[in-house]
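J.: Data: protein.pdb, PDB, C-alpha atoms.
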```pdb
ATOM      1  CA  MET S   1     -27.318  -4.880 -23.037
ATOM      2  CA  ALA S   2     -23.519  -5.039 -22.893
ATOM      3  CA  SER S   3     -21.706  -1.715 -23.275
ATOM      4  CA  THR S   4     -19.421  -1.146 -26.265
ATOM      5  CA  VAL S   5     -15.734  -0.709 -25.417
ATOM      6  CA  TRP S   6     -14.595  -0.013 -29.011
ATOM      7  CA  LYS S   7     -16.364   0.771 -32.278
ATOM      8  CA  GLY S   8     -14.801   0.973 -35.734
ATOM      9  CA  HIS S   9     -14.014  -1.017 -38.871
ATOM     10  CA  LEU S  10     -12.161  -4.280 -39.405
ATOM     11  CA  THR S  11     -10.238  -4.691 -42.657
ATOM     12  CA  PHE S  12      -8.423  -7.607 -44.239
ATOM     13  CA  GLY S  13      -7.322  -7.275 -47.820
ATOM     14  CA  LEU S  14      -9.918  -5.110 -49.550
ATOM     15  CA  VAL S  15     -12.726  -6.349 -47.278
ATOM     16  CA  SER S  16     -13.941  -3.872 -44.666
ATOM     17  CA  PHE S  17     -16.931  -3.947 -42.327
ATOM     18  CA  PRO S  18     -18.076  -2.235 -39.104
ATOM     19  CA  ILE S  19     -17.648  -4.011 -35.766
ATOM     20  CA  ARG S  20     -18.044  -3.474 -32.037
ATOM     21  CA  LEU S  21     -16.107  -4.933 -29.114
ATOM     22  CA  TYR S  22     -17.636  -5.986 -25.819
ATOM     23  CA  SER S  23     -15.833  -7.146 -22.675
ATOM     24  CA  ALA S  24     -15.969 -10.933 -22.547
ATOM     25  CA  ALA S  25     -15.007 -11.446 -18.907
ATOM     26  CA  ARG S  26     -14.274  -9.644 -15.686
ATOM     27  CA  SER S  27     -12.738 -10.858 -12.471
ATOM     28  CA  GLU S  28     -14.828 -10.772  -9.300
ATOM     29  CA  SER S  29     -13.351 -10.275  -5.865
ATOM     30  CA  ILE S  30     -14.436  -9.016  -2.470
ATOM     31  CA  SER S  31     -13.531  -5.346  -2.037
ATOM     32  CA  PHE S  32     -13.176  -3.602   1.301
ATOM     33  CA  ASN S  33     -13.542   0.074   2.180
ATOM     34  CA  GLN S  34     -10.945   1.803   4.314
ATOM     35  CA  LEU S  35     -12.280   2.845   7.725
ATOM     36  CA  HIS S  36     -10.852   4.793  10.624
ATOM     37  CA  LYS S  37      -9.910   2.156  13.192
ATOM     38  CA  HIS S  38     -11.014   4.222  16.208
ATOM     39  CA  ASP S  39     -14.525   5.258  15.121
ATOM     40  CA  GLY S  40     -15.319   3.054  12.064
ATOM     41  CA  SER S  41     -15.930   6.029   9.761
ATOM     42  CA  ARG S  42     -15.063   5.945   6.051
ATOM     43  CA  VAL S  43     -11.803   7.682   5.143
ATOM     44  CA  LYS S  44     -11.204   9.635   1.942
ATOM     45  CA  GLN S  45      -8.122  10.071  -0.210
ATOM     46  CA  VAL S  46      -7.208  13.730  -0.545
ATOM     47  CA  LEU S  47      -5.366  15.197  -3.568
ATOM     48  CA  TYR S  48      -2.667  17.385  -2.094
ATOM     49  CA  CYS S  49      -0.404  19.991  -3.698
ATOM     50  CA  GLN S  50       3.053  19.877  -2.146
ATOM     51  CA  ALA S  51       4.099  23.276  -3.534
ATOM     52  CA  GLU S  52       1.087  25.177  -2.131
ATOM     53  CA  ASP S  53       0.766  22.890   0.913
ATOM     54  CA  LYS S  54      -2.991  22.481   0.550
ATOM     55  CA  PRO S  55      -5.605  20.037  -0.826
ATOM     56  CA  ILE S  56      -6.830  20.698  -4.387
ATOM     57  CA  PRO S  57      -9.957  19.608  -6.352
ATOM     58  CA  ARG S  58      -9.750  16.931  -9.042
ATOM     59  CA  SER S  59     -10.686  19.541 -11.680
ATOM     60  CA  GLU S  60      -7.223  21.109 -11.276
ATOM     61  CA  ILE S  61      -5.388  17.875 -12.115
ATOM     62  CA  VAL S  62      -3.583  17.537 -15.485
ATOM     63  CA  LYS S  63      -1.416  14.761 -16.964
ATOM     64  CA  GLY S  64       2.334  15.186 -16.678
ATOM     65  CA  PHE S  65       5.241  13.045 -17.924
ATOM     66  CA  GLU S  66       8.459  13.142 -15.875
ATOM     67  CA  TYR S  67      11.317  13.355 -18.410
ATOM     68  CA  GLU S  68      13.928  14.299 -15.785
ATOM     69  CA  LYS S  69      13.960  14.190 -11.997
ATOM     70  CA  ASP S  70      11.130  16.547 -10.844
ATOM     71  CA  ARG S  71      10.723  18.003 -14.348
ATOM     72  CA  TYR S  72       7.492  17.361 -16.242
ATOM     73  CA  VAL S  73       5.897  18.056 -19.589
ATOM     74  CA  VAL S  74       2.112  18.577 -19.414
ATOM     75  CA  VAL S  75       0.035  16.644 -21.951
ATOM     76  CA  GLU S  76      -3.607  17.569 -22.598
ATOM     77  CA  ASP S  77      -6.296  14.998 -23.450
ATOM     78  CA  GLU S  78      -6.972  16.676 -26.818
ATOM     79  CA  GLU S  79      -3.268  16.410 -27.690
ATOM     80  CA  VAL S  80      -3.361  12.678 -26.942
ATOM     81  CA  LYS S  81      -6.330  12.290 -29.310
ATOM     82  CA  LYS S  82      -4.469  14.164 -32.087
ATOM     83  CA  VAL S  83      -1.581  11.687 -32.144
ATOM     84  CA  ALA S  84      -3.780   8.557 -31.932
ATOM     85  CA  PRO S  85      -2.829   6.135 -34.777
ATOM     86  CA  GLN S  86      -5.255   5.070 -37.504
ATOM     87  CA  THR S  87      -5.874   1.839 -35.583
ATOM     88  CA  ALA S  88      -7.953   3.892 -33.124
ATOM     89  CA  LYS S  89     -10.736   3.729 -35.725
ATOM     90  CA  VAL S  90      -9.717   0.973 -38.151
ATOM     91  CA  MET S  91      -8.394  -2.424 -37.075
ATOM     92  CA  GLU S  92      -6.421  -4.098 -39.869
ATOM     93  CA  ILE S  93      -5.610  -7.801 -39.975
ATOM     94  CA  LEU S  94      -1.910  -7.970 -40.743
ATOM     95  CA  GLU S  95      -1.556 -11.720 -41.246
ATOM     96  CA  PHE S  96      -2.980 -15.133 -40.405
ATOM     97  CA  VAL S  97      -1.091 -17.737 -38.378
ATOM     98  CA  LYS S  98      -1.876 -21.260 -37.203
ATOM     99  CA  SER S  99      -3.651 -21.166 -33.838
ATOM    100  CA  ASP S 100      -1.264 -23.679 -32.233
ATOM    101  CA  GLN S 101       1.657 -21.305 -32.890
ATOM    102  CA  VAL S 102       0.291 -18.726 -30.427
ATOM    103  CA  ASP S 103       1.580 -19.390 -26.913
ATOM    104  CA  PRO S 104      -1.234 -18.591 -24.409
ATOM    105  CA  ILE S 105       1.283 -16.647 -22.296
ATOM    106  CA  TYR S 106       0.894 -13.783 -24.796
ATOM    107  CA  LEU S 107      -2.902 -13.520 -24.340
ATOM    108  CA  GLU S 108      -4.022 -10.677 -22.068
ATOM    109  CA  THR S 109      -7.717  -9.571 -22.168
ATOM    110  CA  SER S 110     -10.673 -11.167 -23.992
ATOM    111  CA  TYR S 111     -13.437  -9.405 -25.936
ATOM    112  CA  TYR S 112     -16.454 -10.433 -28.008
ATOM    113  CA  MET S 113     -16.185  -9.008 -31.516
ATOM    114  CA  ALA S 114     -19.642  -8.488 -33.025
ATOM    115  CA  PRO S 115     -20.675  -7.080 -36.415
ATOM    116  CA  ASP S 116     -22.299  -3.668 -36.555
ATOM    117  CA  GLU S 117     -25.020  -2.744 -39.037
ATOM    118  CA  ALA S 118     -24.383  -4.062 -42.585
ATOM    119  CA  GLY S 119     -21.427  -6.100 -41.373
ATOM    120  CA  GLU S 120     -23.157  -9.427 -40.706
ATOM    121  CA  LYS S 121     -22.229 -11.229 -43.949
ATOM    122  CA  PRO S 122     -18.482 -10.420 -44.110
ATOM    123  CA  TYR S 123     -18.266 -11.113 -40.367
ATOM    124  CA  ALA S 124     -19.893 -14.544 -40.817
ATOM    125  CA  LEU S 125     -17.574 -15.226 -43.753
ATOM    126  CA  LEU S 126     -14.485 -14.455 -41.627
ATOM    127  CA  PHE S 127     -15.820 -16.592 -38.774
ATOM    128  CA  GLU S 128     -16.404 -19.635 -41.008
ATOM    129  CA  ALA S 129     -13.073 -19.222 -42.823
ATOM    130  CA  LEU S 130     -11.154 -19.172 -39.519
ATOM    131  CA  LYS S 131     -12.977 -22.298 -38.326
ATOM    132  CA  GLU S 132     -12.323 -24.181 -41.559
ATOM    133  CA  THR S 133      -8.620 -23.326 -41.843
ATOM    134  CA  GLY S 134      -7.482 -23.462 -38.198
ATOM    135  CA  PHE S 135      -5.884 -20.039 -38.585
ATOM    136  CA  VAL S 136      -6.217 -16.990 -36.339
ATOM    137  CA  GLY S 137      -5.900 -13.386 -37.421
ATOM    138  CA  VAL S 138      -3.179 -11.068 -36.102
ATOM    139  CA  ALA S 139      -4.247  -7.416 -36.094
ATOM    140  CA  LYS S 140      -3.514  -4.063 -34.454
ATOM    141  CA  ILE S 141      -5.990  -1.849 -32.624
ATOM    142  CA  ALA S 142      -5.628   1.299 -30.521
ATOM    143  CA  MET S 143      -7.839   1.708 -27.453
ATOM    144  CA  HIS S 144      -7.460   2.885 -23.863
ATOM    145  CA  ASN S 145      -4.494   5.084 -24.861
ATOM    146  CA  ARG S 146      -2.474   2.158 -26.134
ATOM    147  CA  GLU S 147      -1.977   0.285 -29.412
ATOM    148  CA  HIS S 148      -2.470  -3.446 -29.005
ATOM    149  CA  VAL S 149      -1.530  -6.433 -31.098
ATOM    150  CA  VAL S 150      -4.574  -8.724 -31.013
ATOM    151  CA  ILE S 151      -5.535 -12.252 -31.948
ATOM    152  CA  LEU S 152      -8.865 -12.926 -33.691
ATOM    153  CA  ARG S 153     -10.046 -16.502 -33.275
ATOM    154  CA  PRO S 154     -13.334 -18.333 -33.866
ATOM    155  CA  GLY S 155     -15.194 -18.937 -30.600
ATOM    156  CA  GLN S 156     -18.314 -21.006 -30.041
ATOM    157  CA  SER S 157     -20.748 -18.340 -31.267
ATOM    158  CA  GLY S 158     -18.578 -15.783 -33.037
ATOM    159  CA  VAL S 159     -15.164 -14.184 -33.342
ATOM    160  CA  MET S 160     -13.217 -13.618 -30.125
ATOM    161  CA  LEU S 161     -10.569 -10.909 -29.802
ATOM    162  CA  HIS S 162      -7.668 -11.219 -27.368
ATOM    163  CA  THR S 163      -5.232  -8.397 -26.716
ATOM    164  CA  MET S 164      -1.645  -9.623 -26.456
ATOM    165  CA  TYR S 165       1.436  -8.753 -24.486
ATOM    166  CA  TYR S 166       4.319  -7.553 -26.637
ATOM    167  CA  ALA S 167       7.367  -9.815 -26.765
ATOM    168  CA  HIS S 168       9.405  -7.452 -24.562
ATOM    169  CA  GLU S 169       6.678  -7.585 -21.894
ATOM    170  CA  ILE S 170       7.039 -11.340 -21.440
ATOM    171  CA  ARG S 171       9.492 -11.918 -18.610
ATOM    172  CA  LYS S 172      12.361 -14.264 -19.335
ATOM    173  CA  VAL S 173      13.324 -16.178 -16.198
ATOM    174  CA  ASP S 174      16.547 -18.166 -16.414
ATOM    175  CA  GLU S 175      15.466 -20.447 -13.563
ATOM    176  CA  PHE S 176      12.332 -21.464 -15.482
ATOM    177  CA  ARG S 177      13.518 -24.611 -17.233
ATOM    178  CA  THR S 178      12.975 -28.369 -17.037
ATOM    179  CA  ASP S 179      15.554 -31.144 -16.896
ATOM    180  CA  VAL S 180      13.659 -33.963 -18.644
ATOM    181  CA  SER S 181      16.669 -36.268 -18.284
ATOM    182  CA  LEU S 182      15.486 -36.865 -14.694
ATOM    183  CA  VAL S 183      12.348 -38.654 -15.926
ATOM    184  CA  LYS S 184      12.368 -42.455 -16.120
ATOM    185  CA  GLU S 185      10.216 -44.339 -18.642
ATOM    186  CA  LYS S 186       8.257 -46.284 -15.996
ATOM    187  CA  GLU S 187       7.526 -43.087 -14.067
ATOM    188  CA  LEU S 188       6.354 -41.383 -17.257
ATOM    189  CA  ALA S 189       4.068 -44.314 -18.110
ATOM    190  CA  LEU S 190       2.467 -44.175 -14.650
ATOM    191  CA  ALA S 191       2.097 -40.387 -14.841
ATOM    192  CA  ILE S 192       0.361 -40.702 -18.220
ATOM    193  CA  SER S 193      -1.953 -43.389 -16.803
ATOM    194  CA  LEU S 194      -2.819 -41.085 -13.880
ATOM    195  CA  ILE S 195      -3.603 -38.213 -16.269
ATOM    196  CA  GLN S 196      -5.855 -40.498 -18.335
ATOM    197  CA  ALA S 197      -7.621 -41.743 -15.181
ATOM    198  CA  LEU S 198      -8.353 -38.156 -14.123
ATOM    199  CA  ALA S 199      -9.256 -36.987 -17.643
ATOM    200  CA  ASP S 200     -12.666 -35.355 -18.173
ATOM    201  CA  ASP S 201     -14.409 -32.841 -20.417
ATOM    202  CA  PHE S 202     -13.661 -29.222 -19.541
ATOM    203  CA  GLN S 203     -16.644 -27.746 -17.668
ATOM    204  CA  PRO S 204     -15.635 -24.296 -16.330
ATOM    205  CA  GLU S 205     -18.918 -23.859 -14.434
ATOM    206  CA  LYS S 206     -18.002 -26.605 -11.949
ATOM    207  CA  TYR S 207     -15.026 -24.642 -10.613
ATOM    208  CA  THR S 208     -15.672 -22.109  -7.856
ATOM    209  CA  ASP S 209     -13.626 -19.471  -6.033
ATOM    210  CA  ASP S 210     -13.427 -20.941  -2.522
ATOM    211  CA  TYR S 211     -11.526 -17.901  -1.239
ATOM    212  CA  ARG S 212     -14.374 -15.562  -2.292
ATOM    213  CA  ASP S 213     -17.025 -17.932  -0.904
ATOM    214  CA  ASN S 214     -15.187 -18.162   2.416
ATOM    215  CA  LEU S 215     -14.913 -14.371   2.634
ATOM    216  CA  LEU S 216     -18.672 -14.029   2.026
ATOM    217  CA  LYS S 217     -19.329 -16.582   4.801
ATOM    218  CA  LEU S 218     -16.954 -14.676   7.100
ATOM    219  CA  ILE S 219     -18.771 -11.384   6.407
ATOM    220  CA  GLU S 220     -22.183 -12.989   7.002
ATOM    221  CA  ALA S 221     -20.976 -14.596  10.244
ATOM    222  CA  LYS S 222     -19.707 -11.244  11.539
ATOM    223  CA  LYS S 223     -23.008  -9.572  10.583
ATOM    224  CA  GLN S 224     -24.865 -12.173  12.642
ATOM    225  CA  GLY S 225     -22.393 -11.875  15.522
ATOM    226  CA  GLN S 226     -21.269 -15.473  15.057
ATOM    227  CA  GLU S 227     -17.816 -16.918  15.529
ATOM    228  CA  VAL S 228     -15.591 -17.081  12.458
ATOM    229  CA  VAL S 229     -14.691 -20.696  11.655
ATOM    230  CA  ALA S 230     -11.110 -21.158  10.454
ATOM    231  CA  THR S 231     -10.370 -23.211   7.324
ATOM    232  CA  PRO S 232      -8.797 -26.590   8.206
ATOM    233  CA  GLU S 233      -5.066 -26.758   7.586
ATOM    234  CA  PRO S 234      -4.149 -28.794   4.477
ATOM    235  CA  LYS S 235      -2.443 -32.122   5.040
ATOM    236  CA  GLU S 236       0.969 -32.196   3.404
ATOM    237  CA  SER S 237       2.536 -35.550   2.605
ATOM    238  CA  LYS S 238       6.241 -35.690   1.813
ATOM    239  CA  VAL S 239       7.005 -37.590  -1.391
ATOM    240  CA  VAL S 240       9.702 -40.176  -0.644
ATOM    241  CA  ASP S 241       9.287 -42.578  -3.575
ATOM    242  CA  ILE S 242       7.714 -41.061  -6.672
ATOM    243  CA  MET S 243       6.847 -44.487  -8.128
ATOM    244  CA  GLU S 244       4.918 -45.499  -4.994
ATOM    245  CA  ALA S 245       3.205 -42.101  -4.895
ATOM    246  CA  LEU S 246       2.132 -42.495  -8.544
ATOM    247  CA  LYS S 247       0.846 -46.019  -7.961
ATOM    248  CA  ALA S 248      -1.145 -44.940  -4.908
ATOM    249  CA  SER S 249      -2.561 -41.932  -6.795
ATOM    250  CA  LEU S 250      -3.551 -44.127  -9.738
ATOM    251  CA  ALA S 251      -5.254 -46.646  -7.445
ATOM    252  CA  ALA S 252      -7.188 -43.861  -5.705
ATOM    253  CA  ALA S 253      -8.232 -42.347  -9.047
ATOM    254  CA  LYS S 254      -9.571 -45.697 -10.303
ATOM    255  CA  LYS S 255     -11.643 -46.492  -7.191
ATOM    256  CA  PRO S 256     -14.693 -44.299  -7.980
ATOM    257  CA  ALA S 257     -14.868 -45.626 -11.542
ATOM    258  CA  ALA S 258     -14.504 -49.223 -10.384
ATOM    259  CA  SER S 259     -17.197 -48.904  -7.729
ATOM    260  CA  ALA S 260     -19.552 -47.336 -10.274
ATOM    261  CA  LYS S 261     -19.010 -50.241 -12.677
ATOM    262  CA  THR S 262     -19.685 -52.851  -9.992
ATOM    263  CA  ALA S 263     -22.792 -50.981  -8.914
ATOM    264  CA  GLU S 264     -24.314 -51.108 -12.411
ATOM    265  CA  PRO S 265     -24.597 -54.951 -12.692
ATOM    266  CA  ALA S 266     -25.936 -55.134  -9.146
ATOM    267  CA  ALA S 267     -28.602 -52.570  -9.952
ATOM    268  CA  ALA S 268     -29.480 -54.440 -13.157
ATOM    269  CA  GLU S 269     -29.929 -57.690 -11.212
ATOM    270  CA  ALA S 270     -32.069 -55.968  -8.608
ATOM    271  CA  ARG S 271     -34.484 -54.484 -11.155
ATOM    272  CA  PRO S 272     -35.863 -57.854 -12.459
ATOM    273  CA  ALA S 273     -36.142 -59.091  -8.885
ATOM    274  CA  ARG S 274     -38.263 -56.081  -7.949
ATOM    275  CA  LYS S 275     -40.440 -56.668 -10.989
ATOM    276  CA  ARG S 276     -40.995 -60.302 -10.020
ATOM    277  CA  ALA S 277     -41.853 -59.251  -6.510
ATOM    278  CA  ARG S 278     -44.459 -56.794  -7.745
ATOM    279  CA  GLY S 279     -45.878 -59.461 -10.043
TER     280      GLY S 279
END
```
Can the structure from this file be put into structure tokens for me?
T.:
Amino acid sequence: MASTVWKGHLTFGLVSFPIRLYSAARSESISFNQLHKHDGSRVKQVLYCQAEDKPIPRSEIVKGFEYEKDRYVVVEDEEVKKVAPQTAKVMEILEFVKSDQVDPIYLETSYYMAPDEAGEKPYALLFEALKETGFVGVAKIAMHNREHVVILRPGQSGVMLHTMYYAHEIRKVDEFRTDVSLVKEKELALAISLIQALADDFQPEKYTDDYRDNLLKLIEAKKQGQEVVATPEPKESKVVDIMEALKASLAAAKKPAASAKTAEPAAAEARPARKRARG
């Protein structure tokens, strides 16, 4: 069973019901341990006190905030809990906005929001109302020593919660802009045709992490004492004429579909022939 990362109440208006949050996703990567190069033994990180010039145990570590150069104020865990806002226990929906108004750049971490005991009906009501209206809820919640603005949206099976970056955390890059005056109508038409030729339903399960797979193959090869095979270098083609490149791309994208269509009539003609032969 998934572990709960937050437990409390959700309120909107005068409606309140208990909920739980569960992590919806986690990234997977290959992790390596640090070894001593000369003997292959595992190395350890040591906590070291500069003033006493000696290693110290983790039990003697406290939190400190540097308010001036080399000057700190010590903050205890219990003191942090005392100043936690009400949103540490109660998440309140502040407003509802249209889902298409939320730029995905603001979305940070995803969670499943599930109803706790006696909260099933109001939870289902919120879920259906969000689906029917196309709105998402904007709320605030405190967890992991931080208060988050969150988005509540209807997922496939229930309400999803996404923590958001604050506006000041989104980096503004002056160089990030697009000069659309460079685009010609014929080029745009071909680009749209290429997009339509490559269009498909989104199936996230068909995408794999080739870097991770290659690392696992490398590790297995080294375990077996085999030679590590290098990944072939990608072929880079310099774009000289964008129109010709678009036309060639469109022709290549249409080939599989065209060959599939021509194969269908041929297969249909072959089936009656086989039947006659068996007869």
J.: On this file, the PyMOL selection byres ((chain S and resi 45) around 12) gives some set of residues; write that set as JSON, numbers by chain.
T.: {"S": [33, 34, 35, 42, 43, 44, 46, 47, 48, 55, 56, 57, 58]}
J.: Please indicate the distance in Å from CA of Glu92 (chain S) to CA of Thr4 (chain S), rounded to one decimal place.
T.: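 Separating CA of Glu92 (chain S) from CA of Thr4 (chain S) is a distance of 19.0 Å.
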J.: Within 9 Å of region 187-190 of chain S, counting all atoms listed in the file, which residues show up once you throw out same-chain ones fewer than 4 positions away? Write them as a PyMOL selection string, please.
T.: chain S and resi 183+194-195+242-243+246-247+250
J.: The PyMOL selection byres ((chain S and resi 9-16) around 8) on the file shown: which residues, as a VMD selection string?
T.: chain S and resid 7 to 8 17 to 19 89 to 94 122
J.: Could you check the closest approach to Thr109 (chain S) for each of S:Arg26, S:Arg146, S:His168, S:Lys131 and tell me which residue wins, using only C-alpha atoms?
T.: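 That would be S:Arg26, the residue with the smallest distance to Thr109 (chain S).
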J.: Assuming the chain letters and numbering stay as they are in my file, what does the PyMOL selection byres ((chain S and resi 126) around 10) actually select? List them as a list in words.
T.: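 The output of the PyMOL selection byres ((chain S and resi 126) around 10) on this file is Phe12, Lys121, Pro122, Tyr123, Ala124, Leu125, Phe127, Glu128, Ala129, Leu130, Lys131, Glu132, Gly137, Leu152, Arg153, Pro154, Gly158 and Val159 of chain S.
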J.: Around region 108-114 of chain S, fit a box with edges along x, y and z, padding it by 5 Å on each side, then list its centre and edge lengths in Å to one decimal as JSON.
T.:
```
{"center_x": -11.8, "center_y": -9.8, "center_z": -27.5, "size_x": 25.6, "size_y": 12.7, "size_z": 21.0}
```
J.: By how many Å are CA of Met113 (chain S) and CA of Arg20 (chain S) apart?
T.: 5.9 Å
